[in-house]
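Have a look at the structure below before the remarks.
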Amino acid sequence: MTWNFELVHGPLGRPLSGLAWDGSGMLFSDVNHSSIHRWDPVGRTISTARKYTNRTNGLAFGANGVYYGGQSGSRRIARFMPDGSANVPASRVSGLVHNTPYLLAVDRQERIWFSDPIHRAMISGPGPQRFPFLDHQSVLRLSRDERNVWGVERMTFDTRAPAGVAVSPDGKTLNVAESDNEREGVRELRAYSIADDGTLGTCLVLHTFGSDHRGLHRGIEGLCVDIQGNIIACAGGQSSGPGPLVYIFSPTGAILETHAVPADQPLNCAFGDAGLGSLYVTTTAGHLFRVPSTGRTGYLPFPQGGR
Amino acid sequence: MEFEKLAPGFERIACGDMRLDVIDPDARVTEGPVWNRRTGEFFWVSITGSTIYKWSPGAGRSIVMHPSHKADGMTFDRQGRLVVAGWGWRRVWRRELDGSINTLCSHFDGVKFNSPNDIVIRSDGSIYFTDPPGALASVEMYGDDVQRYMDYCGVYRISPDGETTLAVKDLTYPNGLAFSPDESLLYINDTRDFVVNVFDVAPDGTLGNRRVFCEITGTDEGIPDGLKVDSEGNVYCTGPGGIHVFSAKGTMLGRLKVPAHVNNMGWGGDDWRSLFITSDTAVFRVRLGIPGTPTW
């Protein structure tokens, strides 16, 4: 079926990044303006949900109206509370401050899986960078232990430029976009098995992006899953390859559909609207698109009853 | 210690072979330098280590308070109590003589402060402090709540009777502040704008007639952060490459080159001629020619 990309907002001339459906509206990150806005699809209005988010990128809901953000500018996952406050559950892995948390996914156990690449440009405060970056760029996981104390663990040991992450509906697979677009790097869609003890197994490579004389084919930035575990991913650009696309991959990597995005460099996507049948897409140039009927149903562990 | 003389007069501050002593070689993001003249002890904080330390010759370093909730600027009031710009704790608080803690203020007009950064007390007992948002965004300086609520970065005054008023509202990132020796002027630097502003202080404590006192320039690493005034009215401001020293007229006299990222400085010693320098990696002490303005 042909998708209708309806322009909801923008282009703003600056990136719009993470998306999170709150049950009745779509939150989206205005990274360089350090704010999160909310689109109300019924009233068709946009309001500012939160200011001073210090370059928060990815967004995802947990329980009880709490949502998490990859607060890249402060090198942490922020926990945005319903009362308007924000706190930091933990910000170190093995005693060291992690890099620049970027995109994230929350699973049914409210564990936050997040990519932790080094994005130096995201850090803009005055003064020196006092904490060195890690010697790896991995997917990390923020969770509570049995005493309810938050901590961060390293989950991948074979990534160099992780971007979007999504947990399958059965909780047994972590899909990861490994997208090293800057160098002659790996650009893959990967599926890691999640063991019962929460650790990751080896990964399957579901898709590999190529290059041609015009350059690298831009890999996946953000991704999400539907209730069948299919992976919906934003990739590509106008400068090379098949162009800016939303891909739909089966859980084993078959390309089920592609949809041309009517703007360069799609960044993130998330299901929203009643029934979670619409897909929202953000871009580098600051578009917020809405595809009203995708023929698919999104998977979201939170908000519960959000569908 | 290396220094750079740029104008006549600097030789009265720094000259010859000056020894840069290391008070604390194992420091982590230190700030809040202040001398307790009653006990002959130097106090400072490690922000990211969330600890208040003190040091005295012979006795060395000891911990005053841990955790200090990411405390930052400190001074003493006329009663000898430590008064603290709480930074990550988002309040101004006082450590009483018995060691207990009292919050002096945490909100203005019902809105939580950004992150009080530096603090100074006038002879009438009124407290002035700056409130930029740095602790909310900076890596590892966070407290319980990192959400910024105010759309401005104020400079506030707590009157002797405890009332908090907004003294300045329109600075970009107010940070270090200090009075001229006669308290007729208040200098406030701005970390984003790379300037030192100066205000006239009215008898009632209100501030007015803002103008730029000097610009902080240079290509070395360093930013306007701490600011202090010596007993002759010279202004010391952290900046690229160390500590920039200006005459009371705004002429740059010279620069003290510090081999670290300097966050603040403050005088101490019985003659107020020892300059203690808090940096990211060490706390230093150097003897200077002109005494600093004594802290109460």
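Ligands are numbered from 1 in the order shown, chains are lettered A, B, ... in the order of the structure tokens, and residues start at 1 in each chain.
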Legend entry - All residues 8 Å or closer to Cys153 (chain B), only C-alpha atoms, same chain fewer than 4 positions away omitted, as number ranges by chain: B: 114, 130-133, 169-174
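Excluding Leu103 (chain A) itself and any same-chain residue fewer than 5 positions from it, the protein and nucleic acid residues within 8 Å of it, counting only C-alpha atoms, are Gly18, Asn57, Gly58, Leu59, Gly69, Gly70, Phe114, Ser115, Ala163, Gly164, Val165 and Gly222 of chain A.
With distances taken over only C-alpha atoms, A:Asn87 is the one residue among A:Gln71, A:Ser278, A:Ser143, A:Asn87 lying closest to chain B.
The residue that comes closest to chain A, out of B:Tyr152, B:Phe179, B:Phe10, B:Trp272 and on the basis of only C-alpha atoms, is B:Tyr152.
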How close does chain B get to chain A? List, as a tab-separated table, each residue of chain B within 12 Å, its nearest atom pair and the distance in Å to one decimal, counting only C-alpha atoms.
residue	atom	partner	partner_atom	distance
B:Arg28	CA	A:Arg130	CA	9.3
B:Val29	CA	A:Arg130	CA	8.2
B:Thr30	CA	A:Arg130	CA	11.9
B:Ile47	CA	A:Arg130	CA	11.8
B:Thr48	CA	A:Arg130	CA	9.9
B:Gly88	CA	A:Asn87	CA	11.7
B:Lys112	CA	A:Ser85	CA	10.6
B:Asn114	CA	A:Tyr52	CA	11.0
B:Pro132	CA	A:Pro126	CA	11.6
B:Pro133	CA	A:Tyr52	CA	9.7
B:Gly134	CA	A:Gly125	CA	7.9
B:Ala135	CA	A:Ser74	CA	10.0
B:Leu136	CA	A:Ser74	CA	8.5
B:Ala137	CA	A:Ser74	CA	5.4
B:Ser138	CA	A:Ser74	CA	5.7
B:Val139	CA	A:Ser74	CA	5.1
B:Glu140	CA	A:Ser91	CA	7.7
B:Met141	CA	A:Ser74	CA	9.5
B:Tyr142	CA	A:Val88	CA	7.6
B:Gly143	CA	A:Asn87	CA	7.8
B:Asp144	CA	A:Asn87	CA	5.9
B:Asp145	CA	A:Asn87	CA	5.0
B:Val146	CA	A:Ala86	CA	5.4
B:Gln147	CA	A:Ala86	CA	5.1
B:Arg148	CA	A:Tyr52	CA	6.0
B:Tyr149	CA	A:Tyr52	CA	8.1
B:Met150	CA	A:Tyr52	CA	9.5
B:Asp151	CA	A:Tyr52	CA	9.2
B:Tyr152	CA	A:Tyr52	CA	11.6
B:Tyr173	CA	A:Pro126	CA	9.9
B:Asn175	CA	A:Pro126	CA	11.6
B:Asp190	CA	A:Pro126	CA	10.9
B:Thr191	CA	A:Pro126	CA	7.2
B:Arg192	CA	A:Pro126	CA	7.1
B:Asp193	CA	A:Pro126	CA	10.6
B:Phe194	CA	A:Pro126	CA	10.5
B:Asp220	CA	A:Pro128	CA	11.6
B:Glu221	CA	A:Pro128	CA	7.9
B:Gly222	CA	A:Gly127	CA	6.7
B:Ile223	CA	A:Gly127	CA	6.3
B:Pro224	CA	A:Gly127	CA	9.1
B:Asp225	CA	A:Gly127	CA	9.1
B:Thr238	CA	A:Gly127	CA	11.4
B:Gly239	CA	A:Gly127	CA	10.2
B:Pro240	CA	A:Gly127	CA	10.3
B:Ala260	CA	A:Pro128	CA	10.8
B:His261	CA	A:Pro128	CA	7.8
B:Val262	CA	A:Gly127	CA	10.0
B:Asn263	CA	A:Gly127	CA	9.3
B:Ser279	CA	A:Pro128	CA	11.3
B:Asp280	CA	A:Arg130	CA	7.9
B:Thr281	CA	A:Arg130	CA	9.9
Legend entry - Neighbour list for Asn181 (chain A) as a PyMOL selection string, cut-off 9 Å, only C-alpha atoms, skip fewer than 4 positions in-chain: chain A and resi 161+185-187+216-219
Could you please take those selected residues and save C-alpha atoms as a compact mmCIF listing (two decimals), in the first residue's frame?
# COMPACT_ATOMS: atom_id res chain seq x y z
CA ALA A 161 28.38 3.40 16.21
CA GLY A 185 32.26 1.89 8.74
CA VAL A 186 29.72 -0.82 9.25
CA ARG A 187 26.12 0.02 8.53
CA LEU A 216 27.98 5.48 1.37
CA HIS A 217 24.35 4.53 1.57
CA ARG A 218 23.27 6.07 4.83
CA GLY A 219 22.42 3.46 7.44
Inset, instruction - Tell me which protein, DNA and RNA residues are within 12 Å of Phe276 (chain B), counting only C-alpha atoms, leaving out same-chain ones fewer than 3 positions away, and put them as a PyMOL selection string. - result: chain B and resi 20-24+30-35+41-44+54-56+226+228+243+258+262-269+272-273+279+282-288+292
Inset, instruction - as a PyMOL selection string, list the residues of region 78-117 of chain B assigned to strand (DSSP E) by DSSP on the backbone atoms of this structure. - result: chain B and resi 82-85+92-95+101-105+107-108+111-112
Go ahead and save the picked residues with all heavy atoms, as a compact mmCIF listing (two decimals), in the first residue's frame.
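Produced file result00.txt, reproduced below:
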# COMPACT_ATOMS: atom_id res chain seq x y z
N LEU B 82 29.90 29.09 57.62
CA LEU B 82 30.14 28.85 56.20
C LEU B 82 28.82 29.00 55.45
O LEU B 82 27.81 28.37 55.80
CB LEU B 82 30.69 27.43 56.03
CG LEU B 82 31.34 27.04 54.72
CD1 LEU B 82 32.58 27.88 54.46
CD2 LEU B 82 31.71 25.54 54.76
N VAL B 83 28.82 29.87 54.43
CA VAL B 83 27.61 30.10 53.65
C VAL B 83 27.90 29.65 52.22
O VAL B 83 28.92 30.03 51.63
CB VAL B 83 27.18 31.58 53.68
CG1 VAL B 83 25.87 31.78 52.94
CG2 VAL B 83 27.05 32.05 55.13
N VAL B 84 27.02 28.81 51.70
CA VAL B 84 27.36 28.01 50.52
C VAL B 84 26.35 28.21 49.39
O VAL B 84 25.14 28.18 49.62
CB VAL B 84 27.41 26.51 50.92
CG1 VAL B 84 27.76 25.65 49.71
CG2 VAL B 84 28.40 26.29 52.05
N ALA B 85 26.88 28.40 48.18
CA ALA B 85 26.05 28.36 46.97
C ALA B 85 25.93 26.88 46.58
O ALA B 85 26.91 26.24 46.22
CB ALA B 85 26.70 29.16 45.84
N VAL B 92 20.75 28.00 48.57
CA VAL B 92 21.83 28.61 49.34
C VAL B 92 21.66 28.15 50.77
O VAL B 92 20.56 28.21 51.33
CB VAL B 92 21.79 30.16 49.24
CG1 VAL B 92 22.76 30.79 50.22
CG2 VAL B 92 22.09 30.58 47.81
N TRP B 93 22.73 27.64 51.34
CA TRP B 93 22.62 27.08 52.67
C TRP B 93 23.77 27.52 53.55
O TRP B 93 24.76 28.05 53.07
CB TRP B 93 22.48 25.56 52.64
CG TRP B 93 23.53 24.79 51.88
CD1 TRP B 93 23.53 24.49 50.55
CD2 TRP B 93 24.70 24.16 52.40
NE1 TRP B 93 24.62 23.73 50.22
CE2 TRP B 93 25.36 23.50 51.34
CE3 TRP B 93 25.26 24.08 53.69
CZ2 TRP B 93 26.55 22.79 51.50
CZ3 TRP B 93 26.44 23.36 53.87
CH2 TRP B 93 27.06 22.73 52.78
N ARG B 94 23.56 27.30 54.83
CA ARG B 94 24.54 27.75 55.81
C ARG B 94 24.89 26.59 56.73
O ARG B 94 24.00 25.86 57.17
CB ARG B 94 23.96 28.91 56.62
CG ARG B 94 24.95 29.58 57.57
CD ARG B 94 24.34 30.85 58.15
NE ARG B 94 23.18 30.55 58.98
CZ ARG B 94 22.16 31.38 59.17
NH1 ARG B 94 22.13 32.57 58.60
NH2 ARG B 94 21.14 31.03 59.95
N ARG B 95 26.17 26.46 56.99
CA ARG B 95 26.61 25.46 57.96
C ARG B 95 26.79 26.18 59.29
O ARG B 95 27.68 27.04 59.43
CB ARG B 95 27.90 24.79 57.51
CG ARG B 95 28.36 23.65 58.37
CD ARG B 95 29.54 22.94 57.70
NE ARG B 95 29.95 21.76 58.45
CZ ARG B 95 30.84 21.75 59.45
NH1 ARG B 95 31.43 22.88 59.79
NH2 ARG B 95 31.15 20.63 60.07
N ILE B 101 22.89 22.09 59.25
CA ILE B 101 22.70 22.77 57.97
C ILE B 101 21.35 23.47 57.95
O ILE B 101 20.33 22.87 58.32
CB ILE B 101 22.74 21.73 56.81
CG1 ILE B 101 24.05 20.95 56.83
CG2 ILE B 101 22.51 22.42 55.46
CD1 ILE B 101 25.29 21.79 56.62
N ASN B 102 21.34 24.72 57.52
CA ASN B 102 20.09 25.44 57.34
C ASN B 102 20.00 25.98 55.91
O ASN B 102 20.96 26.60 55.43
CB ASN B 102 20.00 26.63 58.30
CG ASN B 102 19.36 26.23 59.62
OD1 ASN B 102 18.38 25.48 59.63
ND2 ASN B 102 19.92 26.72 60.71
N THR B 103 18.88 25.73 55.26
CA THR B 103 18.67 26.30 53.93
C THR B 103 18.21 27.74 54.08
O THR B 103 17.26 28.03 54.81
CB THR B 103 17.60 25.48 53.18
OG1 THR B 103 18.10 24.17 52.97
CG2 THR B 103 17.28 26.12 51.84
N LEU B 104 18.90 28.65 53.41
CA LEU B 104 18.52 30.06 53.47
C LEU B 104 17.46 30.38 52.42
O LEU B 104 16.55 31.16 52.67
CB LEU B 104 19.74 30.94 53.27
CG LEU B 104 20.87 30.75 54.29
CD1 LEU B 104 21.98 31.77 54.06
CD2 LEU B 104 20.35 30.82 55.72
N CYS B 105 17.60 29.82 51.23
CA CYS B 105 16.56 29.98 50.22
C CYS B 105 16.79 28.95 49.11
O CYS B 105 17.92 28.53 48.86
CB CYS B 105 16.51 31.39 49.64
SG CYS B 105 18.05 31.93 48.89
N HIS B 107 14.01 28.90 46.44
CA HIS B 107 13.06 29.31 45.41
C HIS B 107 13.02 30.83 45.36
O HIS B 107 13.32 31.51 46.33
CB HIS B 107 11.64 28.81 45.72
CG HIS B 107 11.47 27.33 45.63
ND1 HIS B 107 12.09 26.46 46.50
CD2 HIS B 107 10.75 26.56 44.76
CE1 HIS B 107 11.76 25.20 46.18
NE2 HIS B 107 10.96 25.24 45.12
N PHE B 108 12.59 31.33 44.20
CA PHE B 108 12.25 32.75 44.12
C PHE B 108 10.90 32.87 43.42
O PHE B 108 10.70 32.28 42.36
CB PHE B 108 13.31 33.53 43.34
CG PHE B 108 13.01 34.99 43.26
CD1 PHE B 108 13.16 35.80 44.39
CD2 PHE B 108 12.52 35.57 42.10
CE1 PHE B 108 12.85 37.15 44.34
CE2 PHE B 108 12.21 36.92 42.04
CZ PHE B 108 12.38 37.72 43.18
N VAL B 111 9.44 29.65 42.43
CA VAL B 111 10.10 28.84 41.40
C VAL B 111 11.48 28.43 41.91
O VAL B 111 12.23 29.25 42.44
CB VAL B 111 10.23 29.62 40.08
CG1 VAL B 111 10.88 28.75 39.00
CG2 VAL B 111 8.86 30.11 39.62
N LYS B 112 11.80 27.17 41.71
CA LYS B 112 13.09 26.65 42.17
C LYS B 112 14.24 27.33 41.43
O LYS B 112 14.17 27.53 40.22
CB LYS B 112 13.13 25.13 41.93
CG LYS B 112 14.26 24.41 42.64
CD LYS B 112 14.27 22.93 42.28
CE LYS B 112 13.17 22.16 42.99
NZ LYS B 112 13.29 20.68 42.73
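Rounded to one decimal, CA of Ile52 (chain B) and CA of Cys237 (chain B) lie 22.6 Å from each other.
Atom pair CA of Asp145 (chain A) / CA of Arg111 (chain A): separated by 10.3 Å.
Of the residues under consideration (A:Ser24, A:Gln109, A:Ser211, A:Asn230), A:Ser24 shows the shortest atom-to-atom contact distance to Gly65 (chain A) when counting only C-alpha atoms.
Rounded to one decimal, CA of Met74 (chain B) and CA of Phe129 (chain B) lie 10.0 Å from each other.
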Inset, instruction - Would you list the contacts of region 41-49 of chain A as a ChimeraX atom specification, taking every protein, DNA or RNA residue within 9 Å and counting only C-alpha atoms, but skipping same-chain residues closer than 5 positions in sequence? - result: /A:8-9,24-27,35-36,273
Inset, instruction - Go through B:Gly86, B:Gly9, B:Gly99, B:Gly73 one by one, measure the shortest atom-to-atom distance of each to Ile119 (chain B) using only C-alpha atoms, and give the residue with the smallest value. - result: B:Gly73
Inset, instruction - Would you kindly return, as JSON, numbers by chain, each protein, DNA or RNA residue with an atom no farther than 9 Å from any atom of Gly243 (chain A), considering only C-alpha atoms and excluding same-chain residues fewer than 4 positions away? - result: {"A": [217, 218, 235, 236, 237, 238, 239, 260, 261, 264, 265]}
Limited to C-alpha atoms, could you put the picked residues into a file as a PDB file, in the first residue's frame?
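selection02.pdb, written as the output of this step:
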ATOM      1  CA  HIS A 217      24.347   4.525   1.570  1.00  0.00           C
ATOM      2  CA  ARG A 218      23.274   6.069   4.826  1.00  0.00           C
ATOM      3  CA  ALA A 235      17.531   5.135   6.624  1.00  0.00           C
ATOM      4  CA  GLY A 236      19.026   6.595   3.488  1.00  0.00           C
ATOM      5  CA  GLY A 237      19.387  10.027   2.017  1.00  0.00           C
ATOM      6  CA  GLN A 238      19.133  11.843  -1.266  1.00  0.00           C
ATOM      7  CA  SER A 239      22.872  11.891  -1.964  1.00  0.00           C
ATOM      8  CA  ALA A 260      10.009   6.821   0.078  1.00  0.00           C
ATOM      9  CA  VAL A 261      10.108   9.690   2.553  1.00  0.00           C
ATOM     10  CA  ASP A 264      16.064  13.985   3.079  1.00  0.00           C
ATOM     11  CA  GLN A 265      17.501  11.916   5.918  1.00  0.00           C
TER      12      GLN A 265
END
